[in-house]
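target.pdb follows (PDB, C-alpha atoms and all ligand atoms):
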```pdb
MODEL        1
ATOM      1  CA  MET A   1       0.000   0.000   0.000  1.00  0.00           C
ATOM      2  CA  TYR A   2       1.431   3.356  -1.041  1.00  0.00           C
ATOM      3  CA  THR A   3       0.704   6.672   0.614  1.00  0.00           C
ATOM      4  CA  GLU A   4       0.255   9.945  -1.238  1.00  0.00           C
ATOM      5  CA  GLN A   5       3.806  10.836  -0.172  1.00  0.00           C
ATOM      6  CA  ASP A   6       5.103   8.033  -2.405  1.00  0.00           C
ATOM      7  CA  ILE A   7       3.479   9.643  -5.449  1.00  0.00           C
ATOM      8  CA  LYS A   8       5.762  11.991  -7.341  1.00  0.00           C
ATOM      9  CA  PRO A   9       3.947  14.652  -9.384  1.00  0.00           C
ATOM     10  CA  LEU A  10       4.507  14.256 -13.118  1.00  0.00           C
ATOM     11  CA  ILE A  11       1.829  16.292 -14.911  1.00  0.00           C
ATOM     12  CA  SER A  12       0.016  19.144 -13.175  1.00  0.00           C
ATOM     13  CA  GLU A  13      -3.689  19.886 -13.226  1.00  0.00           C
ATOM     14  CA  SER A  14      -3.158  22.995 -15.366  1.00  0.00           C
ATOM     15  CA  GLN A  15      -0.936  21.126 -17.858  1.00  0.00           C
ATOM     16  CA  ILE A  16      -3.659  18.479 -18.191  1.00  0.00           C
ATOM     17  CA  GLN A  17      -6.389  21.070 -18.784  1.00  0.00           C
ATOM     18  CA  GLN A  18      -4.281  22.933 -21.356  1.00  0.00           C
ATOM     19  CA  ALA A  19      -3.512  19.739 -23.291  1.00  0.00           C
ATOM     20  CA  ILE A  20      -7.164  18.673 -23.253  1.00  0.00           C
ATOM     21  CA  LYS A  21      -8.148  22.094 -24.600  1.00  0.00           C
ATOM     22  CA  THR A  22      -5.687  21.631 -27.496  1.00  0.00           C
ATOM     23  CA  MET A  23      -7.066  18.145 -28.199  1.00  0.00           C
ATOM     24  CA  ALA A  24     -10.633  19.495 -28.120  1.00  0.00           C
ATOM     25  CA  ASP A  25      -9.687  22.304 -30.543  1.00  0.00           C
ATOM     26  CA  ASN A  26      -8.486  19.622 -32.988  1.00  0.00           C
ATOM     27  CA  LEU A  27     -11.691  17.608 -32.573  1.00  0.00           C
ATOM     28  CA  ASN A  28     -13.852  20.738 -32.940  1.00  0.00           C
ATOM     29  CA  ASN A  29     -12.013  21.466 -36.174  1.00  0.00           C
ATOM     30  CA  LEU A  30     -12.391  17.907 -37.398  1.00  0.00           C
ATOM     31  CA  TYR A  31     -16.087  17.427 -36.699  1.00  0.00           C
ATOM     32  CA  LYS A  32     -17.349  21.052 -36.958  1.00  0.00           C
ATOM     33  CA  GLN A  33     -21.051  20.833 -36.029  1.00  0.00           C
ATOM     34  CA  GLU A  34     -21.504  17.098 -36.689  1.00  0.00           C
ATOM     35  CA  GLU A  35     -22.930  15.084 -33.810  1.00  0.00           C
ATOM     36  CA  VAL A  36     -20.440  12.814 -32.033  1.00  0.00           C
ATOM     37  CA  TYR A  37     -20.689   9.954 -29.557  1.00  0.00           C
ATOM     38  CA  LEU A  38     -17.950  10.335 -26.956  1.00  0.00           C
ATOM     39  CA  ILE A  39     -17.151   6.955 -25.413  1.00  0.00           C
ATOM     40  CA  CYS A  40     -15.648   6.748 -21.930  1.00  0.00           C
ATOM     41  CA  VAL A  41     -13.617   3.608 -21.274  1.00  0.00           C
ATOM     42  CA  LEU A  42     -14.394   2.973 -17.618  1.00  0.00           C
ATOM     43  CA  LYS A  43     -13.089   3.558 -15.135  1.00  0.00           C
ATOM     44  CA  GLY A  44      -9.715   5.126 -15.869  1.00  0.00           C
ATOM     45  CA  SER A  45     -10.957   7.591 -18.487  1.00  0.00           C
ATOM     46  CA  VAL A  46     -13.723   9.140 -16.440  1.00  0.00           C
ATOM     47  CA  MET A  47     -11.928  12.419 -15.584  1.00  0.00           C
ATOM     48  CA  PHE A  48     -10.419  12.762 -19.063  1.00  0.00           C
ATOM     49  CA  MET A  49     -13.699  12.083 -20.845  1.00  0.00           C
ATOM     50  CA  THR A  50     -15.721  14.553 -18.798  1.00  0.00           C
ATOM     51  CA  ASP A  51     -13.131  17.344 -19.096  1.00  0.00           C
ATOM     52  CA  LEU A  52     -12.787  16.710 -22.833  1.00  0.00           C
ATOM     53  CA  ALA A  53     -16.590  16.733 -23.228  1.00  0.00           C
ATOM     54  CA  LYS A  54     -16.761  20.187 -21.613  1.00  0.00           C
ATOM     55  CA  GLN A  55     -14.462  21.606 -24.313  1.00  0.00           C
ATOM     56  CA  LEU A  56     -16.303  20.133 -27.298  1.00  0.00           C
ATOM     57  CA  LYS A  57     -18.533  22.504 -29.225  1.00  0.00           C
ATOM     58  CA  MET A  58     -20.501  20.088 -31.466  1.00  0.00           C
ATOM     59  CA  PRO A  59     -23.575  18.133 -30.259  1.00  0.00           C
ATOM     60  CA  VAL A  60     -22.140  15.412 -27.988  1.00  0.00           C
ATOM     61  CA  LYS A  61     -23.667  12.231 -26.605  1.00  0.00           C
ATOM     62  CA  MET A  62     -21.726  10.616 -23.765  1.00  0.00           C
ATOM     63  CA  GLU A  63     -21.601   6.808 -23.611  1.00  0.00           C
ATOM     64  CA  PHE A  64     -19.716   4.230 -21.560  1.00  0.00           C
ATOM     65  CA  ILE A  65     -18.014   0.865 -21.883  1.00  0.00           C
ATOM     66  CA  ARG A  66     -16.184  -1.099 -19.205  1.00  0.00           C
ATOM     67  CA  LEU A  67     -13.377  -3.459 -20.077  1.00  0.00           C
ATOM     68  CA  SER A  68     -11.516  -5.942 -18.026  1.00  0.00           C
ATOM     69  CA  SER A  69      -7.974  -6.972 -18.662  1.00  0.00           C
ATOM     70  CA  TYR A  70      -6.627  -9.916 -16.805  1.00  0.00           C
ATOM     71  CA  GLY A  71      -3.294  -9.159 -15.320  1.00  0.00           C
ATOM     72  CA  SER A  72      -1.384  -8.968 -12.128  1.00  0.00           C
ATOM     73  CA  GLY A  73      -0.331  -5.813 -10.317  1.00  0.00           C
ATOM     74  CA  THR A  74       0.879  -3.159 -12.702  1.00  0.00           C
ATOM     75  CA  GLU A  75       1.489  -5.376 -15.767  1.00  0.00           C
ATOM     76  CA  SER A  76      -0.873  -5.616 -18.760  1.00  0.00           C
ATOM     77  CA  SER A  77      -1.733  -9.168 -19.764  1.00  0.00           C
ATOM     78  CA  GLY A  78      -3.042  -8.622 -23.269  1.00  0.00           C
ATOM     79  CA  LYS A  79      -6.270 -10.505 -22.547  1.00  0.00           C
ATOM     80  CA  VAL A  80      -8.968  -7.858 -22.822  1.00  0.00           C
ATOM     81  CA  ARG A  81     -12.746  -8.254 -22.859  1.00  0.00           C
ATOM     82  CA  ALA A  82     -15.775  -5.968 -22.623  1.00  0.00           C
ATOM     83  CA  ILE A  83     -17.704  -6.599 -19.426  1.00  0.00           C
ATOM     84  CA  ASP A  84     -20.292  -3.799 -19.537  1.00  0.00           C
ATOM     85  CA  ILE A  85     -21.318  -2.616 -22.977  1.00  0.00           C
ATOM     86  CA  LEU A  86     -23.473   0.394 -22.190  1.00  0.00           C
ATOM     87  CA  LEU A  87     -23.642   1.505 -25.795  1.00  0.00           C
ATOM     88  CA  PRO A  88     -26.518   2.425 -28.126  1.00  0.00           C
ATOM     89  CA  ASP A  89     -26.620   1.579 -31.826  1.00  0.00           C
ATOM     90  CA  LEU A  90     -23.572   3.365 -33.263  1.00  0.00           C
ATOM     91  CA  ASN A  91     -24.098   2.468 -36.907  1.00  0.00           C
ATOM     92  CA  ASP A  92     -23.414   5.483 -39.110  1.00  0.00           C
ATOM     93  CA  LYS A  93     -22.356   7.605 -36.098  1.00  0.00           C
ATOM     94  CA  ASN A  94     -19.216   9.603 -35.439  1.00  0.00           C
ATOM     95  CA  VAL A  95     -17.442   7.950 -32.513  1.00  0.00           C
ATOM     96  CA  ILE A  96     -14.661   9.381 -30.362  1.00  0.00           C
ATOM     97  CA  ILE A  97     -13.087   6.927 -27.928  1.00  0.00           C
ATOM     98  CA  ALA A  98     -11.591   8.527 -24.806  1.00  0.00           C
ATOM     99  CA  GLU A  99      -9.003   6.187 -23.261  1.00  0.00           C
ATOM    100  CA  ASP A 100      -6.759   6.924 -20.282  1.00  0.00           C
ATOM    101  CA  ILE A 101      -3.481   5.463 -21.505  1.00  0.00           C
ATOM    102  CA  VAL A 102      -2.109   3.373 -24.338  1.00  0.00           C
ATOM    103  CA  ASP A 103       0.611   1.123 -22.937  1.00  0.00           C
ATOM    104  CA  THR A 104       1.260  -2.199 -24.751  1.00  0.00           C
ATOM    105  CA  GLY A 105      -1.580  -1.314 -27.149  1.00  0.00           C
ATOM    106  CA  HIS A 106      -3.646  -4.488 -26.489  1.00  0.00           C
ATOM    107  CA  THR A 107      -6.582  -2.495 -25.102  1.00  0.00           C
ATOM    108  CA  ALA A 108      -6.520   0.044 -27.946  1.00  0.00           C
ATOM    109  CA  LYS A 109      -6.452  -2.802 -30.487  1.00  0.00           C
ATOM    110  CA  PHE A 110      -9.303  -4.558 -28.714  1.00  0.00           C
ATOM    111  CA  LEU A 111     -11.379  -1.371 -28.709  1.00  0.00           C
ATOM    112  CA  THR A 112     -10.867  -0.500 -32.363  1.00  0.00           C
ATOM    113  CA  ASP A 113     -11.545  -4.128 -33.421  1.00  0.00           C
ATOM    114  CA  PHE A 114     -14.621  -4.210 -31.180  1.00  0.00           C
ATOM    115  CA  PHE A 115     -16.139  -1.085 -32.778  1.00  0.00           C
ATOM    116  CA  ASP A 116     -15.271  -2.347 -36.273  1.00  0.00           C
ATOM    117  CA  TYR A 117     -16.898  -5.699 -35.605  1.00  0.00           C
ATOM    118  CA  LYS A 118     -20.011  -4.467 -33.791  1.00  0.00           C
ATOM    119  CA  PHE A 119     -20.898  -1.389 -35.847  1.00  0.00           C
ATOM    120  CA  LYS A 120     -20.407   0.296 -39.187  1.00  0.00           C
ATOM    121  CA  VAL A 121     -19.492   3.649 -37.679  1.00  0.00           C
ATOM    122  CA  LYS A 122     -19.271   6.770 -39.821  1.00  0.00           C
ATOM    123  CA  SER A 123     -15.931   7.714 -38.269  1.00  0.00           C
ATOM    124  CA  LEU A 124     -13.796   6.532 -35.359  1.00  0.00           C
ATOM    125  CA  THR A 125     -11.259   8.747 -33.622  1.00  0.00           C
ATOM    126  CA  PHE A 126      -9.155   7.249 -30.858  1.00  0.00           C
ATOM    127  CA  CYS A 127      -8.052   9.769 -28.220  1.00  0.00           C
ATOM    128  CA  SER A 128      -5.786   8.913 -25.323  1.00  0.00           C
ATOM    129  CA  LEU A 129      -4.761  11.100 -22.435  1.00  0.00           C
ATOM    130  CA  LEU A 130      -1.381   9.394 -22.149  1.00  0.00           C
ATOM    131  CA  ASP A 131       0.809   7.460 -24.538  1.00  0.00           C
ATOM    132  CA  LYS A 132       3.510   5.142 -23.183  1.00  0.00           C
ATOM    133  CA  LYS A 133       5.021   4.501 -26.620  1.00  0.00           C
ATOM    134  CA  ILE A 134       8.109   2.847 -25.187  1.00  0.00           C
ATOM    135  CA  LYS A 135       6.002  -0.094 -23.926  1.00  0.00           C
ATOM    136  CA  ARG A 136       4.150  -0.776 -27.169  1.00  0.00           C
ATOM    137  CA  VAL A 137       3.944  -4.391 -28.380  1.00  0.00           C
ATOM    138  CA  VAL A 138       0.946  -3.987 -30.711  1.00  0.00           C
ATOM    139  CA  ASP A 139       1.338  -1.762 -33.774  1.00  0.00           C
ATOM    140  CA  ILE A 140      -1.324   0.811 -32.939  1.00  0.00           C
ATOM    141  CA  ASN A 141      -1.272   4.510 -32.096  1.00  0.00           C
ATOM    142  CA  PRO A 142      -3.930   6.914 -30.863  1.00  0.00           C
ATOM    143  CA  ASP A 143      -5.132   9.514 -33.381  1.00  0.00           C
ATOM    144  CA  TYR A 144      -4.622  12.150 -30.687  1.00  0.00           C
ATOM    145  CA  TYR A 145      -2.921  12.039 -27.304  1.00  0.00           C
ATOM    146  CA  CYS A 146      -2.120  14.662 -24.693  1.00  0.00           C
ATOM    147  CA  PHE A 147       1.207  13.492 -23.256  1.00  0.00           C
ATOM    148  CA  GLU A 148       3.843  10.907 -24.063  1.00  0.00           C
ATOM    149  CA  ILE A 149       5.308   9.419 -20.876  1.00  0.00           C
ATOM    150  CA  ASP A 150       8.211   7.146 -19.967  1.00  0.00           C
ATOM    151  CA  ASP A 151       7.936   3.649 -18.588  1.00  0.00           C
ATOM    152  CA  LYS A 152       6.504   4.639 -15.208  1.00  0.00           C
ATOM    153  CA  PHE A 153       3.363   3.369 -13.499  1.00  0.00           C
ATOM    154  CA  VAL A 154       1.218   6.475 -13.219  1.00  0.00           C
ATOM    155  CA  VAL A 155      -1.796   7.232 -11.043  1.00  0.00           C
ATOM    156  CA  GLY A 156      -4.222  10.110 -10.583  1.00  0.00           C
ATOM    157  CA  TYR A 157      -6.753  11.907 -12.759  1.00  0.00           C
ATOM    158  CA  GLY A 158      -8.734   8.681 -13.213  1.00  0.00           C
ATOM    159  CA  LEU A 159      -5.815   6.259 -13.169  1.00  0.00           C
ATOM    160  CA  ASP A 160      -5.658   3.945 -10.175  1.00  0.00           C
ATOM    161  CA  ASN A 161      -3.477   1.637  -8.215  1.00  0.00           C
ATOM    162  CA  ASP A 162      -5.649  -1.081  -6.712  1.00  0.00           C
ATOM    163  CA  GLY A 163      -8.673   1.223  -6.968  1.00  0.00           C
ATOM    164  CA  LEU A 164      -7.032   4.187  -5.259  1.00  0.00           C
ATOM    165  CA  TYR A 165      -5.807   7.635  -6.401  1.00  0.00           C
ATOM    166  CA  ARG A 166      -8.286   8.094  -9.251  1.00  0.00           C
ATOM    167  CA  ASN A 167      -9.480  11.288  -7.542  1.00  0.00           C
ATOM    168  CA  LEU A 168      -6.108  13.090  -7.628  1.00  0.00           C
ATOM    169  CA  PRO A 169      -6.417  16.160  -9.893  1.00  0.00           C
ATOM    170  CA  TYR A 170      -2.867  15.636 -11.241  1.00  0.00           C
ATOM    171  CA  ILE A 171      -0.900  12.686 -12.630  1.00  0.00           C
ATOM    172  CA  GLY A 172       1.957  11.243 -10.650  1.00  0.00           C
ATOM    173  CA  TYR A 173       4.018   8.099 -10.552  1.00  0.00           C
ATOM    174  CA  ILE A 174       4.687   5.692  -7.790  1.00  0.00           C
ATOM    175  CA  GLU A 175       8.240   5.869  -6.579  1.00  0.00           C
ATOM    176  CA  THR A 176       9.334   2.353  -5.804  1.00  0.00           C
ATOM    177  CA  GLN A 177      11.995   1.900  -3.117  1.00  0.00           C
ATOM    178  CA  SER A 178      15.203   0.327  -4.348  1.00  0.00           C
TER
HETATM  179  P1  LIG J 201      -2.488  -1.737 -22.626  1.00  0.00           P
HETATM  180  O1  LIG J 201      -3.564  -2.699 -23.022  1.00  0.00           O
HETATM  181  O2  LIG J 201      -2.225  -0.650 -23.646  1.00  0.00           O
HETATM  182  O3  LIG J 201      -1.225  -2.444 -22.212  1.00  0.00           O
HETATM  183  O4  LIG J 201      -2.945  -1.062 -21.300  1.00  0.00           O
HETATM  184  C1  LIG J 201      -4.001  -0.212 -21.240  1.00  0.00           C
HETATM  185  C2  LIG J 201      -4.602  -0.239 -19.871  1.00  0.00           C
HETATM  186  O5  LIG J 201      -3.676  -0.639 -18.852  1.00  0.00           O
HETATM  187  C3  LIG J 201      -5.016   1.159 -19.504  1.00  0.00           C
HETATM  188  O6  LIG J 201      -6.328   1.421 -19.947  1.00  0.00           O
HETATM  189  C4  LIG J 201      -4.870   1.166 -18.004  1.00  0.00           C
HETATM  190  O7  LIG J 201      -6.059   0.670 -17.428  1.00  0.00           O
HETATM  191  C5  LIG J 201      -3.750   0.188 -17.727  1.00  0.00           C
HETATM  192  N1  LIG J 201      -2.449   0.887 -17.547  1.00  0.00           N
HETATM  193  C6  LIG J 201      -1.393   0.859 -18.387  1.00  0.00           C
HETATM  194  N2  LIG J 201      -0.386   1.617 -17.915  1.00  0.00           N
HETATM  195  C7  LIG J 201      -0.825   2.141 -16.747  1.00  0.00           C
HETATM  196  C8  LIG J 201      -0.244   3.022 -15.784  1.00  0.00           C
HETATM  197  O8  LIG J 201       0.892   3.504 -15.881  1.00  0.00           O
HETATM  198  N3  LIG J 201      -1.034   3.327 -14.710  1.00  0.00           N
HETATM  199  C9  LIG J 201      -2.290   2.834 -14.527  1.00  0.00           C
HETATM  200  N4  LIG J 201      -2.951   3.209 -13.432  1.00  0.00           N
HETATM  201  N5  LIG J 201      -2.859   2.004 -15.425  1.00  0.00           N
HETATM  202  C10 LIG J 201      -2.134   1.665 -16.521  1.00  0.00           C
ENDMDL
END
```
Final structure tokens representation of the file:
Amino acid sequence: MYTEQDIKPLISESQIQQAIKTMADNLNNLYKQEEVYLICVLKGSVMFMTDLAKQLKMPVKMEFIRLSSYGSGTESSGKVRAIDILLPDLNDKNVIIAEDIVDTGHTAKFLTDFFDYKFKVKSLTFCSLLDKKIKRVVDINPDYYCFEIDDKFVVGYGLDNDGLYRNLPYIGYIETQS
């Protein structure tokens, strides 16, 4: 169990908000006044999705999906499945996926395959708050991301460690003792 003292700040609240504003400007430019479905990948993306939604100027519908990835501790396993699909019919809709972080890329690949298989969407834009490119094992990249980060296990602003720290307004990493 870590305490908040073990969490080293990495990205501040104001840096996050500024980067989300820039991402939203790009999306506003891309979609103009077309309606979009903004999909929150629960639970890690909840802060990112809601802050991004507030900066979007087109008509927005907010929807949710919850995935589970089997794994232990802080390592991704690559075995991803959808456990709560709280989605309407998205055929012929513009879809923006809001994901917290792309690490190995297994989850991003699962999500894009899932939407391709389930629906014939009009457009699909994959947005990630964080991109840990250095850890990628699947050849996939978000269309837009806010920050590239090193190989650190980060928490805060929706991201958890064993369910904790999602409520921190900033992103930090857990300093492990050596
Ligand atoms: P991937 O499938 O790309 O390996 O991992 C994506 C998922 O793993 C993310 O949606 C997130 O739930 C989790 N994850 C990957 N890296 C981190 C991290 O540094 N911190 C936290 N809290 N979760 C992470």
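Across A:Ala53, A:Leu67, A:Val138, A:Val95, the tightest approach to Lys122 in chain A is made by A:Val95 when counting all atoms listed in the file.
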Exercise. Separation of CA of Gly163 in chain A and atom O6 of ligand LIG 201 (chain J), in Å?
Worked result: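 Interatomic distance here is 13.2 Å.
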What are the closest atom pairs, with distances in Å to one decimal, for each residue of chain A lying within 9 Å of ligand LIG 201 (chain J), using all atoms listed in the file, rows by chain and rising residue number, as a Markdown table?
```
| residue | atom | partner | partner_atom | distance |
| --- | --- | --- | --- | --- |
| A:Val41 | CA | J:LIG201 | O6 | 7.7 |
| A:Leu42 | CA | J:LIG201 | O6 | 8.5 |
| A:Lys43 | CA | J:LIG201 | O7 | 7.9 |
| A:Gly44 | CA | J:LIG201 | O7 | 6.0 |
| A:Ser45 | CA | J:LIG201 | O6 | 7.9 |
| A:Leu67 | CA | J:LIG201 | O6 | 8.6 |
| A:Ser68 | CA | J:LIG201 | O7 | 8.6 |
| A:Ser69 | CA | J:LIG201 | O1 | 7.5 |
| A:Thr74 | CA | J:LIG201 | C10 | 6.9 |
| A:Glu75 | CA | J:LIG201 | C6 | 7.4 |
| A:Ser76 | CA | J:LIG201 | O3 | 4.7 |
| A:Ser77 | CA | J:LIG201 | O3 | 7.2 |
| A:Gly78 | CA | J:LIG201 | O1 | 6.0 |
| A:Lys79 | CA | J:LIG201 | O1 | 8.3 |
| A:Val80 | CA | J:LIG201 | O1 | 7.5 |
| A:Glu99 | CA | J:LIG201 | O6 | 6.4 |
| A:Asp100 | CA | J:LIG201 | O6 | 5.5 |
| A:Ile101 | CA | J:LIG201 | C3 | 5.0 |
| A:Val102 | CA | J:LIG201 | O2 | 4.1 |
| A:Asp103 | CA | J:LIG201 | O2 | 3.4 |
| A:Thr104 | CA | J:LIG201 | O3 | 3.6 |
| A:Gly105 | CA | J:LIG201 | O2 | 3.6 |
| A:His106 | CA | J:LIG201 | O1 | 3.9 |
| A:Thr107 | CA | J:LIG201 | O1 | 3.7 |
| A:Ala108 | CA | J:LIG201 | O2 | 6.1 |
| A:Lys109 | CA | J:LIG201 | O1 | 8.0 |
| A:Phe110 | CA | J:LIG201 | O1 | 8.3 |
| A:Leu130 | CA | J:LIG201 | O8 | 8.9 |
| A:Asp131 | CA | J:LIG201 | O2 | 8.7 |
| A:Lys132 | CA | J:LIG201 | N2 | 7.4 |
| A:Lys135 | CA | J:LIG201 | O3 | 7.8 |
| A:Arg136 | CA | J:LIG201 | O2 | 7.3 |
| A:Val137 | CA | J:LIG201 | O3 | 8.3 |
| A:Val138 | CA | J:LIG201 | O2 | 8.4 |
| A:Ile149 | CA | J:LIG201 | O8 | 8.9 |
| A:Asp151 | CA | J:LIG201 | O8 | 7.5 |
| A:Lys152 | CA | J:LIG201 | O8 | 5.8 |
| A:Phe153 | CA | J:LIG201 | O8 | 3.4 |
| A:Val154 | CA | J:LIG201 | O8 | 4.0 |
| A:Val155 | CA | J:LIG201 | N4 | 4.8 |
| A:Gly156 | CA | J:LIG201 | N4 | 7.6 |
| A:Gly158 | CA | J:LIG201 | N4 | 8.0 |
| A:Leu159 | CA | J:LIG201 | N4 | 4.2 |
| A:Asp160 | CA | J:LIG201 | N4 | 4.3 |
| A:Asn161 | CA | J:LIG201 | N4 | 5.5 |
| A:Asp162 | CA | J:LIG201 | N4 | 8.4 |
| A:Gly163 | CA | J:LIG201 | N4 | 8.9 |
| A:Tyr165 | CA | J:LIG201 | N4 | 8.8 |
| A:Arg166 | CA | J:LIG201 | N4 | 8.4 |
| A:Tyr173 | CA | J:LIG201 | O8 | 7.7 |
```
For this session: Could you please determine the separation between CA of Phe64 in chain A and CA of Val121 in chain A in Å, to one decimal place?
Result: 16.1 Å
Problem set entry | Contacts of Phe119 in chain A within 9 Å, all atoms listed in the file, excl. fewer than 3 positions in-chain, as a list in words | Asp89, Leu90, Asn91, Asp92, Phe114, Phe115 and Asp116 of chain A
Exercise. Residues at most 9 Å from Tyr145 in chain A, counting only C-alpha atoms, excluding those fewer than 5 positions away in the same chain, as a list in words?
Worked result: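 Surrounding residues, per the criterion: Ala19, Ile20, Met23, Ile101, Phe126, Cys127, Ser128, Leu129, Leu130 and Asp131 of chain A.
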Run the PyMOL selection byres (((chain A and resi 27) around 12) and not hetatm) on the file and write out the hits as a short mmCIF file (atom, residue, chain, number, x, y, z; two decimals) with C-alpha atoms, in the coordinates of the input.
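Result file is part_15.cif:
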```
data_model
loop_
_atom_site.label_atom_id
_atom_site.label_comp_id
_atom_site.auth_asym_id
_atom_site.auth_seq_id
_atom_site.Cartn_x
_atom_site.Cartn_y
_atom_site.Cartn_z
CA ILE A 20 -7.16 18.67 -23.25
CA LYS A 21 -8.15 22.09 -24.60
CA THR A 22 -5.69 21.63 -27.50
CA MET A 23 -7.07 18.14 -28.20
CA ALA A 24 -10.63 19.50 -28.12
CA ASP A 25 -9.69 22.30 -30.54
CA ASN A 26 -8.49 19.62 -32.99
CA ASN A 28 -13.85 20.74 -32.94
CA ASN A 29 -12.01 21.47 -36.17
CA LEU A 30 -12.39 17.91 -37.40
CA TYR A 31 -16.09 17.43 -36.70
CA LYS A 32 -17.35 21.05 -36.96
CA GLN A 33 -21.05 20.83 -36.03
CA GLU A 34 -21.50 17.10 -36.69
CA GLU A 35 -22.93 15.08 -33.81
CA VAL A 36 -20.44 12.81 -32.03
CA LEU A 38 -17.95 10.34 -26.96
CA LEU A 52 -12.79 16.71 -22.83
CA ALA A 53 -16.59 16.73 -23.23
CA GLN A 55 -14.46 21.61 -24.31
CA LEU A 56 -16.30 20.13 -27.30
CA LYS A 57 -18.53 22.50 -29.22
CA MET A 58 -20.50 20.09 -31.47
CA VAL A 60 -22.14 15.41 -27.99
CA ASN A 94 -19.22 9.60 -35.44
CA VAL A 95 -17.44 7.95 -32.51
CA ILE A 96 -14.66 9.38 -30.36
CA ILE A 97 -13.09 6.93 -27.93
CA ALA A 98 -11.59 8.53 -24.81
CA LEU A 124 -13.80 6.53 -35.36
CA THR A 125 -11.26 8.75 -33.62
CA PHE A 126 -9.15 7.25 -30.86
CA CYS A 127 -8.05 9.77 -28.22
CA ASP A 143 -5.13 9.51 -33.38
CA TYR A 144 -4.62 12.15 -30.69
CA TYR A 145 -2.92 12.04 -27.30
#
```
Exercise. For Met62 in chain A, which residue out of A:Tyr170, A:Tyr37, A:Ala82, A:Pro9 is the nearest one, using only C-alpha atoms?
Worked result: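 Among the listed residues, the smallest separation from Met62 in chain A belongs to A:Tyr37.
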For this session: Enter the distance from CA of Ile11 in chain A to CA of Asp150 in chain A, in Å, rounded to one decimal.
Result: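 CA of Ile11 in chain A sits 12.2 Å away from CA of Asp150 in chain A.
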Problem set entry | Pick from A:Thr112, A:Ile83, A:Pro88, A:Pro169, whichever lies nearest to Pro142 in chain A using only C-alpha atoms |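 Closest candidate: A:Thr112.
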Problem set entry | Best match for closeness to Met47 in chain A among A:Ser123, A:Asn167, A:Asn141, A:Ser12, counting all atoms listed in the file | A:Asn167
Exercise. Which residue gives the smallest distance to Lys54 in chain A among A:Asp6, A:Lys120, A:Gln17, A:Asp84, with only C-alpha atoms counted?
Worked result: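 Comparing A:Asp6, A:Lys120, A:Gln17, A:Asp84 against Lys54 in chain A, the winner is A:Gln17.
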What are the centre and edge lengths in Å, to one decimal, of the axis-aligned box around all listed atoms of range 114-119 of chain A with 4 Å added on each side, as JSON?
```
{"center_x": -17.8, "center_y": -3.4, "center_z": -33.7, "size_x": 14.3, "size_y": 12.6, "size_z": 13.1}
```
